[in-house]
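Asker: My file is final-v3.txt. It has compact mmCIF, C-alpha atoms:
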# COMPACT_ATOMS: atom_id res chain seq x y z
CA MET A 196 -4.53 -36.28 -27.80
CA SER A 197 -5.35 -39.93 -27.38
CA LYS A 198 -2.20 -40.81 -29.20
CA LEU A 199 -0.10 -38.76 -26.83
CA LYS A 200 -1.86 -40.24 -23.85
CA THR A 201 -1.29 -43.71 -25.13
CA GLN A 202 2.34 -42.94 -25.58
CA ASN A 203 2.60 -41.53 -22.10
CA SER A 204 0.87 -44.51 -20.64
CA LYS A 205 3.20 -46.75 -22.42
CA LEU A 206 6.16 -44.95 -21.00
CA GLY A 207 4.60 -45.03 -17.54
CA THR A 208 5.13 -41.27 -17.10
CA GLN A 209 2.54 -38.61 -16.38
CA ALA A 210 4.02 -35.13 -16.60
CA PHE A 211 2.48 -32.09 -14.98
CA THR A 212 1.43 -29.23 -17.20
CA LEU A 213 2.89 -25.81 -16.73
CA ILE A 214 -0.33 -24.59 -15.10
CA GLU A 215 -0.37 -27.45 -12.65
CA THR A 216 3.26 -26.85 -11.75
CA LEU A 217 2.64 -23.16 -11.24
CA ILE A 218 -0.41 -23.77 -9.05
CA ALA A 219 1.38 -26.43 -7.06
CA SER A 220 4.44 -24.26 -6.48
CA THR A 221 2.25 -21.30 -5.53
CA ILE A 222 0.38 -23.40 -3.00
CA PHE A 223 3.64 -24.76 -1.70
CA THR A 224 5.03 -21.24 -1.36
CA PHE A 225 1.93 -20.12 0.54
CA VAL A 226 2.10 -23.07 2.88
CA ALA A 227 5.83 -22.62 3.40
CA VAL A 228 5.46 -18.92 4.15
CA MET A 229 2.59 -19.60 6.54
CA GLY A 230 4.49 -22.38 8.23
CA THR A 231 7.58 -20.22 8.63
CA GLY A 232 5.45 -17.40 9.98
CA ILE A 233 3.79 -19.70 12.49
CA PHE A 234 7.18 -21.06 13.50
CA PHE A 235 8.69 -17.66 14.10
CA GLN A 236 5.59 -16.44 15.87
CA ALA A 237 5.70 -19.49 18.10
CA THR A 238 9.35 -18.75 18.86
CA ARG A 239 8.53 -15.16 19.76
CA VAL A 240 5.61 -16.28 21.89
CA THR A 241 7.83 -18.78 23.68
CA ASP A 242 10.44 -16.07 24.33
CA ARG A 243 7.81 -13.72 25.65
CA ILE A 244 6.26 -16.39 27.85
CA ASN A 245 9.65 -17.32 29.26
CA ALA A 246 10.43 -13.66 29.90
CA ASP A 247 7.14 -13.06 31.72
CA ARG A 248 7.57 -16.22 33.74
CA GLU A 249 11.12 -15.32 34.72
CA ILE A 250 9.96 -11.86 35.81
CA GLY A 251 7.11 -13.35 37.83
CA GLN A 252 9.34 -15.86 39.57
CA ALA A 253 12.07 -13.31 40.25
CA ALA A 254 9.57 -10.81 41.64
CA ARG A 255 7.93 -13.37 43.89
CA PHE A 256 11.27 -14.55 45.21
CA MET A 257 12.73 -11.09 45.87
CA PHE A 258 9.58 -9.79 47.56
CA GLU A 259 9.37 -12.93 49.66
CA GLN A 260 12.99 -12.56 50.79
CA MET A 261 12.59 -8.85 51.56
CA SER A 262 9.32 -9.36 53.36
CA ARG A 263 10.82 -12.06 55.61
CA SER A 264 13.70 -9.78 56.54
CA VAL A 265 11.54 -6.69 57.08
CA ARG A 266 9.00 -8.55 59.22
CA ALA A 267 11.77 -9.85 61.45
CA ALA A 268 13.67 -6.56 61.58
CA THR A 269 14.39 -4.98 64.92
CA GLU A 270 15.78 -1.90 63.19
CA PHE A 271 16.22 -0.68 59.66
CA SER A 272 17.40 2.32 57.71
CA ILE A 273 17.04 3.65 54.17
CA ASP A 274 19.99 4.81 52.16
CA ARG A 275 21.02 6.01 48.76
CA SER A 276 23.90 4.60 46.75
CA GLY A 277 25.73 7.84 47.33
CA GLY A 278 26.02 7.10 51.02
CA PRO A 279 24.09 7.93 54.16
CA ALA A 280 24.64 11.68 53.81
CA ALA A 281 22.59 11.78 50.64
CA LEU A 282 19.56 10.61 52.57
CA SER A 283 18.85 13.96 54.14
CA ASN A 284 18.26 15.61 50.79
CA ALA A 285 16.46 12.97 48.82
CA PRO A 286 12.69 13.51 48.67
CA CYS A 287 10.51 10.90 46.98
CA PRO A 288 9.06 11.35 43.51
CA THR A 289 5.62 12.92 43.72
CA ASN A 290 3.91 9.81 42.39
CA PHE A 291 5.26 7.63 45.19
CA LEU A 292 2.74 7.97 47.99
CA SER A 293 4.52 7.27 51.21
CA PRO A 294 4.15 8.76 54.68
CA LYS A 295 6.77 11.19 55.77
CA THR A 296 9.79 10.01 57.65
CA PHE A 297 11.20 11.55 60.76
CA VAL A 298 14.68 12.91 60.06
CA ALA A 299 16.79 12.50 63.15
CA ASN A 300 19.23 15.30 62.29
CA SER A 301 16.75 18.04 61.54
CA GLY A 302 13.91 16.71 63.66
CA THR A 303 11.48 17.30 60.83
CA LEU A 304 9.15 15.05 58.93
CA GLU A 305 10.11 14.49 55.32
CA ARG A 306 9.30 12.07 52.61
CA LEU A 307 12.63 10.43 51.97
CA CYS A 308 13.59 7.92 49.36
CA GLY A 309 16.53 5.66 48.77
CA ASP A 310 17.53 2.81 46.54
CA ARG A 311 18.72 0.45 49.27
CA PHE A 312 17.86 -0.40 52.83
CA THR A 313 19.63 -2.07 55.72
CA ILE A 314 17.96 -4.47 58.10
CA ASN A 315 19.07 -5.29 61.62
CA GLN A 316 17.84 -8.50 63.19
CA GLY A 317 19.72 -8.67 66.42
CA THR A 318 23.25 -9.43 65.33
CA THR A 319 22.39 -9.98 61.68
CA VAL A 320 22.83 -6.96 59.42
CA GLU A 321 21.91 -7.16 55.79
CA THR A 322 21.56 -4.61 53.03
CA PHE A 323 19.19 -4.94 50.09
CA GLY A 324 19.86 -2.76 47.10
CA ALA A 325 20.14 -2.35 43.35
CA PHE A 326 23.54 -3.56 42.21
CA PRO A 327 24.86 -3.18 38.64
CA VAL A 328 26.65 -6.48 38.10
CA PRO A 329 30.24 -5.75 36.96
CA GLY A 330 30.95 -6.77 33.39
CA LYS A 331 27.30 -7.58 32.72
CA ASN A 332 24.54 -5.47 31.31
CA TYR A 333 21.99 -6.03 34.04
CA THR A 334 21.22 -4.69 37.49
CA CYS A 335 20.20 -7.14 40.19
CA LEU A 336 18.68 -6.87 43.61
CA ALA A 337 21.51 -7.86 45.91
CA ARG A 338 21.49 -8.90 49.53
CA VAL A 339 24.83 -8.46 51.23
CA ALA A 340 25.94 -9.04 54.78
CA VAL A 341 27.68 -5.68 55.02
CA SER A 342 26.24 -2.21 55.09
CA THR A 343 27.66 -1.34 51.72
CA LEU A 344 27.10 -2.81 48.31
CA ALA A 345 30.71 -2.20 47.31
CA ASN A 346 31.66 -5.72 48.33
CA ALA A 347 28.75 -7.35 46.54
CA THR A 348 29.37 -9.92 43.85
CA ALA A 349 27.04 -11.53 41.35
CA GLU A 350 26.53 -14.31 43.91
CA ASN A 351 24.75 -11.83 46.19
CA CYS A 352 22.00 -11.32 43.63
CA LEU A 353 18.47 -12.33 44.59
CA THR A 354 17.30 -11.83 41.02
CA PRO A 355 18.59 -14.13 38.26
CA PRO A 356 20.68 -12.88 35.30
CA THR A 357 17.61 -13.31 33.11
CA VAL A 358 15.87 -10.44 34.89
CA SER A 359 17.15 -6.92 35.39
CA LEU A 360 16.05 -3.95 37.43
CA VAL A 361 15.43 -1.12 34.95
CA SER A 362 14.64 2.51 35.47
CA PRO A 363 11.01 3.34 34.74
CA ASN A 364 12.06 6.95 34.25
CA PRO A 365 15.78 7.42 33.45
CA ALA A 366 15.37 11.21 33.42
CA ASP A 367 14.55 11.20 37.13
CA PRO A 368 17.72 10.81 39.20
CA LEU A 369 15.64 9.24 41.97
CA GLU A 370 14.50 6.44 39.74
CA GLN A 371 17.70 5.52 38.03
CA THR A 372 18.09 2.05 39.42
CA GLY A 373 14.53 0.75 39.17
CA PHE A 374 14.49 0.16 42.92
CA LEU A 375 12.92 2.76 45.17
CA VAL A 376 12.48 2.54 48.94
CA SER A 377 10.72 4.79 51.35
CA GLY A 378 9.40 4.19 54.81
CA TYR A 379 8.73 5.20 58.33
CA TYR A 380 11.37 4.27 60.86
CA ARG A 381 11.33 6.65 63.78
CA PRO A 382 13.42 5.56 66.74
CA ALA A 383 11.62 2.96 68.79
CA HIS A 384 11.24 5.16 71.84
CA GLU A 385 9.28 7.62 69.75
CA LEU A 386 7.26 4.95 68.08
CA GLU A 387 3.73 6.02 67.31
CA GLN A 388 3.09 3.85 64.35
CA LYS A 389 4.34 0.54 63.07
CA PRO A 390 7.52 1.01 61.02
CA PHE A 391 7.31 -0.02 57.40
CA LEU A 392 9.14 0.01 54.12
CA LYS A 393 7.45 0.92 50.90
CA ILE A 394 9.13 -0.60 47.88
CA ARG A 395 8.84 -0.06 44.18
CA ALA A 396 10.73 -2.31 41.78
CA THR A 397 10.68 -2.26 37.98
CA LEU A 398 11.72 -5.50 36.34
CA GLU A 399 12.46 -6.37 32.74
CA ALA A 400 13.69 -9.57 31.13
CA THR A 401 17.24 -9.51 29.77
CA GLN A 402 16.26 -12.03 27.08
CA PRO A 403 15.87 -11.38 24.21
CA ALA A 404 18.86 -9.07 24.14
CA PRO A 405 18.29 -5.75 25.92
CA GLY A 406 16.60 -3.15 23.78
CA THR A 407 15.13 -5.57 21.27
CA ALA A 408 11.41 -6.21 20.95
CA PRO A 409 9.28 -7.65 22.41
CA LYS A 410 9.98 -5.89 25.66
CA LYS A 411 7.79 -5.19 28.61
CA SER A 412 8.72 -4.01 32.05
CA TYR A 413 6.67 -4.57 35.15
CA THR A 414 6.56 -2.08 38.00
CA LEU A 415 5.58 -3.63 41.31
CA GLU A 416 4.83 -1.71 44.44
CA THR A 417 4.13 -2.92 47.94
CA THR A 418 4.56 -2.07 51.59
CA LEU A 419 6.19 -4.34 54.15
CA VAL A 420 5.60 -3.76 57.85
CA ALA A 421 8.24 -4.55 60.46
CA ARG A 422 6.26 -6.56 62.97
CA ASN A 423 9.12 -7.36 65.35
CA PHE A 424 10.31 -3.78 65.65
CA GLU A 425 10.98 -2.93 69.27
CA LYS A 426 7.58 -3.14 70.79
CA LYS A 427 6.04 -0.47 72.93
CA TYR A 428 3.22 -2.54 74.34
CA MET B 247 -17.32 -34.66 -21.01
CA THR B 248 -15.80 -37.82 -19.69
CA ARG B 249 -12.54 -38.13 -17.91
CA PRO B 250 -9.77 -40.20 -19.38
CA ALA B 251 -9.76 -43.55 -17.65
CA ASN B 252 -6.30 -43.19 -16.15
CA SER B 253 -6.52 -39.54 -15.01
CA TYR B 254 -7.40 -38.82 -11.47
CA GLY B 255 -7.81 -35.46 -9.82
CA PHE B 256 -9.34 -34.27 -6.60
CA GLY B 257 -12.97 -33.32 -6.66
CA ILE B 258 -13.99 -29.86 -5.51
CA ILE B 259 -15.40 -31.34 -2.29
CA GLU B 260 -12.14 -33.06 -1.48
CA VAL B 261 -10.16 -29.91 -2.13
CA LEU B 262 -12.50 -27.85 0.05
CA VAL B 263 -12.37 -30.38 2.88
CA ALA B 264 -8.58 -30.52 2.71
CA ALA B 265 -8.30 -26.73 2.64
CA GLY B 266 -10.73 -26.52 5.54
CA ILE B 267 -8.70 -28.95 7.61
CA ILE B 268 -5.47 -27.09 6.88
CA ALA B 269 -7.11 -23.78 7.75
CA MET B 270 -8.51 -25.17 10.99
CA VAL B 271 -5.21 -26.69 12.06
CA GLY B 272 -3.27 -23.53 11.13
CA GLY B 273 -5.81 -21.29 12.76
CA GLY B 274 -5.83 -23.49 15.83
CA VAL B 275 -2.05 -23.25 16.20
CA VAL B 276 -2.15 -19.47 15.83
CA MET B 277 -5.01 -19.17 18.31
CA LEU B 278 -3.26 -21.45 20.77
CA ASN B 279 -0.13 -19.31 20.53
CA SER B 280 -1.95 -16.09 21.09
CA SER B 281 -4.04 -17.46 23.95
CA VAL B 282 -0.96 -18.77 25.75
CA LEU B 283 0.72 -15.41 25.23
CA ARG B 284 -2.33 -13.58 26.53
CA ASN B 285 -2.62 -15.79 29.59
CA THR B 286 1.03 -15.39 30.48
CA ALA B 287 0.83 -11.62 30.12
CA LEU B 288 -2.31 -11.73 32.28
CA LEU B 289 -0.44 -13.68 34.96
CA ALA B 290 2.34 -11.10 34.99
CA ASP B 291 -0.21 -8.28 35.29
CA ARG B 292 -1.94 -10.16 38.10
CA LEU B 293 1.35 -10.34 39.96
CA VAL B 294 1.60 -6.54 39.83
CA ALA B 295 -2.00 -6.26 41.04
CA PHE B 296 -1.39 -8.85 43.76
CA GLU B 297 1.53 -6.94 45.26
CA TRP B 298 -0.54 -3.77 45.31
CA ALA B 299 -3.50 -5.57 46.91
CA GLN B 300 -1.12 -7.09 49.44
CA GLU B 301 -0.04 -3.57 50.33
CA GLY B 302 -3.67 -2.68 51.06
CA ILE B 303 -3.95 -5.57 53.53
CA GLU B 304 -0.56 -4.81 55.07
CA VAL B 305 -1.33 -1.12 55.56
CA ALA B 306 -4.81 -1.83 56.94
CA ARG B 307 -3.14 -3.97 59.62
CA GLN B 308 -0.54 -1.28 60.13
CA ILE B 309 -3.31 1.29 60.73
CA ARG B 310 -5.02 -1.04 63.21
CA ASP B 311 -1.75 -1.62 65.12
CA SER B 312 -0.58 1.98 64.97
CA ASN B 313 -3.90 3.30 66.20
CA LEU B 314 -3.51 1.06 69.23
CA ILE B 315 0.12 1.86 70.12
CA ASP B 316 -0.02 5.63 69.70
CA ASN B 317 -1.24 6.37 73.26
CA HIS B 318 -4.34 8.11 71.92
CA SER B 319 -7.36 6.08 72.89
CA GLU B 320 -9.58 8.04 70.53
CA THR B 321 -7.80 6.53 67.55
CA ASP B 322 -8.11 2.92 68.69
CA TRP B 323 -10.01 0.72 66.26
CA LYS B 324 -10.79 3.76 64.15
CA CYS B 325 -11.24 3.11 60.45
CA PHE B 326 -12.75 -0.27 61.26
CA ASN B 327 -16.16 0.75 62.50
CA PRO B 328 -18.00 2.10 59.47
CA GLY B 329 -21.66 2.92 59.76
CA VAL B 330 -21.18 4.22 63.31
CA THR B 331 -22.07 7.82 64.08
CA PRO B 332 -18.85 9.75 64.63
CA PRO B 333 -18.25 11.22 68.05
CA PRO B 334 -18.42 15.05 68.07
CA SER B 335 -14.68 15.28 68.52
CA ALA B 336 -13.88 13.14 65.51
CA THR B 337 -12.27 14.99 62.65
CA ASN B 338 -12.46 13.96 59.07
CA ASP B 339 -9.12 12.19 58.93
CA PHE B 340 -9.61 9.94 61.86
CA ASP B 341 -13.25 9.09 61.40
CA CYS B 342 -12.31 7.26 58.21
CA GLY B 343 -15.63 8.07 56.62
CA PHE B 344 -17.81 6.87 59.49
CA ASN B 345 -20.92 8.09 57.78
CA ASN B 346 -20.45 5.90 54.77
CA PRO B 347 -22.35 2.66 54.52
CA THR B 348 -20.31 -0.46 55.12
CA THR B 349 -20.23 -1.31 51.43
CA SER B 350 -18.53 1.88 50.28
CA SER B 351 -14.88 1.68 49.39
CA TYR B 352 -11.87 3.38 50.90
CA ARG B 353 -8.48 4.37 49.65
CA LEU B 354 -5.19 4.78 51.47
CA ASP B 355 -4.19 8.32 52.14
CA LEU B 356 -1.92 10.29 54.40
CA SER B 357 -3.36 12.04 57.39
CA THR B 358 -3.33 15.81 57.25
CA ASN B 359 -5.07 16.21 60.57
CA SER B 360 -3.57 19.16 62.38
CA ALA B 361 -5.16 18.01 65.63
CA PHE B 362 -2.61 15.20 65.65
CA THR B 363 0.46 17.02 64.48
CA THR B 364 2.84 14.26 65.38
CA PHE B 365 0.78 11.90 63.24
CA GLN B 366 1.28 13.82 60.07
CA SER B 367 2.92 10.90 58.42
CA ARG B 368 0.16 8.44 59.26
CA TRP B 369 -1.64 6.26 56.80
CA VAL B 370 -5.42 6.57 57.01
CA LEU B 371 -8.35 5.12 55.13
CA VAL B 372 -10.59 7.69 53.50
CA ALA B 373 -13.66 7.22 51.35
CA GLY B 374 -13.10 6.56 47.66
CA SER B 375 -10.84 4.45 45.49
CA GLU B 376 -7.40 5.09 44.06
CA THR B 377 -5.65 4.52 40.77
CA SER B 378 -2.05 3.41 40.60
CA GLN B 379 0.48 6.20 40.72
CA PHE B 380 3.38 4.21 39.37
CA PRO B 381 4.27 3.84 35.71
CA GLY B 382 3.13 1.03 33.49
CA ASN B 383 -0.03 -0.69 34.52
CA GLN B 384 -3.07 1.35 35.36
CA LEU B 385 -4.70 -0.23 38.40
CA THR B 386 -7.62 0.74 40.61
CA ARG B 387 -7.68 -0.26 44.25
CA GLU B 388 -10.73 -0.36 46.49
CA ILE B 389 -10.54 -1.25 50.16
CA ARG B 390 -13.69 -2.29 51.97
CA VAL B 391 -14.34 -2.78 55.66
CA LEU B 392 -17.10 -5.35 55.99
CA PRO B 393 -18.68 -7.37 58.80
CA ALA B 394 -16.69 -10.53 59.53
CA PRO B 395 -18.48 -13.46 57.85
CA ALA B 396 -18.74 -15.77 60.86
CA THR B 397 -19.56 -13.05 63.39
CA PRO B 398 -21.35 -10.30 61.47
CA ASN B 399 -22.67 -8.65 64.64
CA ASP B 400 -19.33 -8.43 66.43
CA PRO B 401 -18.11 -4.83 66.03
CA GLN B 402 -14.65 -5.91 67.22
CA LYS B 403 -14.01 -8.04 64.13
CA ARG B 404 -13.94 -6.81 60.54
CA LEU B 405 -13.31 -8.32 57.16
CA ILE B 406 -10.85 -6.22 55.16
CA GLU B 407 -11.36 -6.78 51.47
CA VAL B 408 -8.95 -5.30 48.94
CA THR B 409 -9.89 -5.36 45.26
CA VAL B 410 -7.43 -4.33 42.58
CA LYS B 411 -8.90 -3.95 39.10
CA PHE B 412 -7.05 -3.52 35.85
CA SER B 413 -8.05 -3.60 32.23
CA PHE B 414 -6.62 -6.36 30.13
CA GLY B 415 -7.52 -6.02 26.48
CA SER B 416 -11.22 -5.34 26.44
CA ARG B 417 -11.86 -7.07 29.75
CA THR B 418 -11.56 -5.85 33.31
CA GLU B 419 -9.63 -8.25 35.48
CA GLN B 420 -9.44 -8.14 39.25
CA VAL B 421 -7.42 -9.53 42.12
CA LYS B 422 -9.19 -9.72 45.45
CA LEU B 423 -7.57 -10.35 48.82
CA SER B 424 -9.24 -10.37 52.19
CA THR B 425 -8.36 -10.86 55.81
CA ILE B 426 -10.11 -10.60 59.14
CA VAL B 427 -8.78 -8.12 61.67
CA SER B 428 -9.83 -7.98 65.29
CA ASN B 429 -9.60 -5.20 67.80
CA TRP B 430 -6.59 -5.94 69.94
CA GLY B 431 -7.63 -3.24 72.38
CA ARG B 432 -10.95 -4.83 73.29
CA GLU B 433 -9.66 -6.43 76.50
CA THR B 434 -8.13 -3.29 77.95
Could I get this file's structure written as structure tokens?
Answerer:
Amino acid sequence: MSKLKTQNSKLGTQAFTLIETLIASTIFTFVAVMGTGIFFQATRVTDRINADREIGQAARFMFEQMSRSVRAATEFSIDRSGGPAALSNAPCPTNFLSPKTFVANSGTLERLCGDRFTINQGTTVETFGAFPVPGKNYTCLARVAVSTLANATAENCLTPPTVSLVSPNPADPLEQTGFLVSGYYRPAHELEQKPFLKIRATLEATQPAPGTAPKKSYTLETTLVARNFEKKY
Amino acid sequence: MTRPANSYGFGIIEVLVAAGIIAMVGGGVVMLNSSVLRNTALLADRLVAFEWAQEGIEVARQIRDSNLIDNHSETDWKCFNPGVTPPPSATNDFDCGFNNPTTSSYRLDLSTNSAFTTFQSRWVLVAGSETSQFPGNQLTREIRVLPAPATPNDPQKRLIEVTVKFSFGSRTEQVKLSTIVSNWGRET
């Protein structure tokens, strides 16, 4: 033993034993696996944080824009993508508590829902609605200067490409776009309550790629009252 | 047993200290990650709660305004005078729970009062609280009509306080919004 040691010392080398090598490599493996795990977890966390932040910013921006327009509206109407005619036969989902709307044609009160609405502010007319962006796999909330979304382009989107409107319940034809509008908008001369729009939007991040975890959608619901609607008093 | 003069290993204390430091640093990184994740998710949930609370404020104002413009003086300033004995003519929808103490909570509901048939689509405040009816987050909303802080004895001013509660992990989080409304009809 002492002879070997002397020889080693002479050579200036100190070899590791098999046991030492095994222990060292095991420890190294553990550390490497842990480090990799932490790294990937951190990446996932960062993705998730970015997704939540994008959704928060997009939601704040779109609600702010809609609320400005609705507050200043002198007139508005609710519509479905199918066209104005579809409005008369489109009741709201039962879980969407919204006062009934006066239907001009039938003269009855019904709870009507749409997935877009049009605002009049004097000479300004703008339509807000869910708009599947052509060639992309996301649906945005678009604001267009015409009463139809057919002419919309990706530039009309209020929500960024990183956030998409998604259906909270694809089986329900009323909730297929993730954007649901109801409201009370009787003609001004029959006004007995302040007109309003009730809006439900479901947002999901498009990153990471759609359908891959982690994924969380946020459903936001609020009511916006048209304060400038033709006043009666 | 003596160690060879030129060998040199770590003592058990050193190894433990080193392992402890590594564990603390690693654990700290993991905890930091998860706490940032939790806080961001909490912020997103708060946004949902905030919009719903905002609706409570918006609709409370809408009720105040609508009650004034509807040409029915008996509805003016209704829902904002809790603790007052209801007039004999008041029906349950329009008294807005007059008999409840000022601290009890209200929820938004739709009027079903047949005495006001043209109002059938009206929002009203009725006693109780409500849970969210939309998918995803389960939220509870309570609306309170309280004396205005600066002028608690003025029945023409009320503090509207909307509290939205939601569970986040094991905790209950809440978003609270409030505004003061005044009776626009007081001068007429």
Asker: Using all atoms listed in the file, which protein or nucleic acid residues come within 7 Å of B:Asp316? Drop anything in the same chain fewer than 4 positions from it, and give the result as a PDB file with C-alpha atoms, in the frame of the given file.
Answerer:
ATOM      1  CA  GLU A 387       3.730   6.020  67.310  1.00  0.00           C
ATOM      2  CA  GLN A 388       3.090   3.850  64.350  1.00  0.00           C
TER       3      GLN A 388
ATOM      4  CA  SER B 312      -0.580   1.980  64.970  1.00  0.00           C
TER       5      SER B 312
END
Asker: Pick the closest to A:Pro390 from B:Glu376, B:Glu388, B:Glu419, B:Glu304: which is it, counting all atoms listed in the file?
Answerer: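 Using all atoms listed in the file, A:Pro390 sits closest to B:Glu304.
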Asker: Output the contact residues of chain A with respect to chain B at a cut-off of 7 Å, based on only C-alpha atoms, as an mmCIF file with C-alpha atoms, in the frame of the given file.
Answerer:
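Once everything was written out, this is result28.cif:
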data_model
loop_
_atom_site.group_PDB
_atom_site.id
_atom_site.type_symbol
_atom_site.label_atom_id
_atom_site.label_comp_id
_atom_site.auth_asym_id
_atom_site.auth_seq_id
_atom_site.Cartn_x
_atom_site.Cartn_y
_atom_site.Cartn_z
ATOM 1 C CA ILE A 233 3.790 -19.700 12.490
ATOM 2 C CA ALA A 237 5.700 -19.490 18.100
ATOM 3 C CA VAL A 240 5.610 -16.280 21.890
ATOM 4 C CA ILE A 244 6.260 -16.390 27.850
ATOM 5 C CA ASP A 247 7.140 -13.060 31.720
ATOM 6 C CA GLY A 251 7.110 -13.350 37.830
ATOM 7 C CA ASN A 290 3.910 9.810 42.390
ATOM 8 C CA PHE A 291 5.260 7.630 45.190
ATOM 9 C CA PRO A 294 4.150 8.760 54.680
ATOM 10 C CA LYS A 295 6.770 11.190 55.770
ATOM 11 C CA THR A 296 9.790 10.010 57.650
ATOM 12 C CA PRO A 363 11.010 3.340 34.740
ATOM 13 C CA GLU A 387 3.730 6.020 67.310
ATOM 14 C CA GLN A 388 3.090 3.850 64.350
ATOM 15 C CA LYS A 389 4.340 0.540 63.070
ATOM 16 C CA TYR A 413 6.670 -4.570 35.150
ATOM 17 C CA THR A 414 6.560 -2.080 38.000
ATOM 18 C CA LEU A 415 5.580 -3.630 41.310
ATOM 19 C CA GLU A 416 4.830 -1.710 44.440
ATOM 20 C CA THR A 417 4.130 -2.920 47.940
ATOM 21 C CA THR A 418 4.560 -2.070 51.590
ATOM 22 C CA LEU A 419 6.190 -4.340 54.150
ATOM 23 C CA VAL A 420 5.600 -3.760 57.850
ATOM 24 C CA LYS A 427 6.040 -0.470 72.930
ATOM 25 C CA TYR A 428 3.220 -2.540 74.340
#
Asker: Just the residues within 7 Å of stretch 397-413 of chain B, please, counting all atoms listed in the file, with nothing from its chain fewer than 6 positions along; format it as a PyMOL selection string.
Answerer: chain B and resi 295+299+302-303+326-327+384-391+419-429
Asker: I'd like the interatomic distance between atom CA of A:Ser220 and atom CA of B:Gly274, to a tenth of an Å.
Answerer: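 About the pair atom CA of A:Ser220 and atom CA of B:Gly274: they are 24.6 Å apart.
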Asker: Report, in Å with one decimal, the straight-line distance from atom CA of A:Gly330 to atom CA of A:Thr238.
Answerer: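 Atom CA of A:Gly330 sits 28.7 Å away from atom CA of A:Thr238.
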Asker: Provide the atom CA of A:Arg306 to atom CA of B:Tyr352 distance in Å, to one decimal place.
Answerer: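 Rounded to one decimal, the two atoms are 22.9 Å apart.
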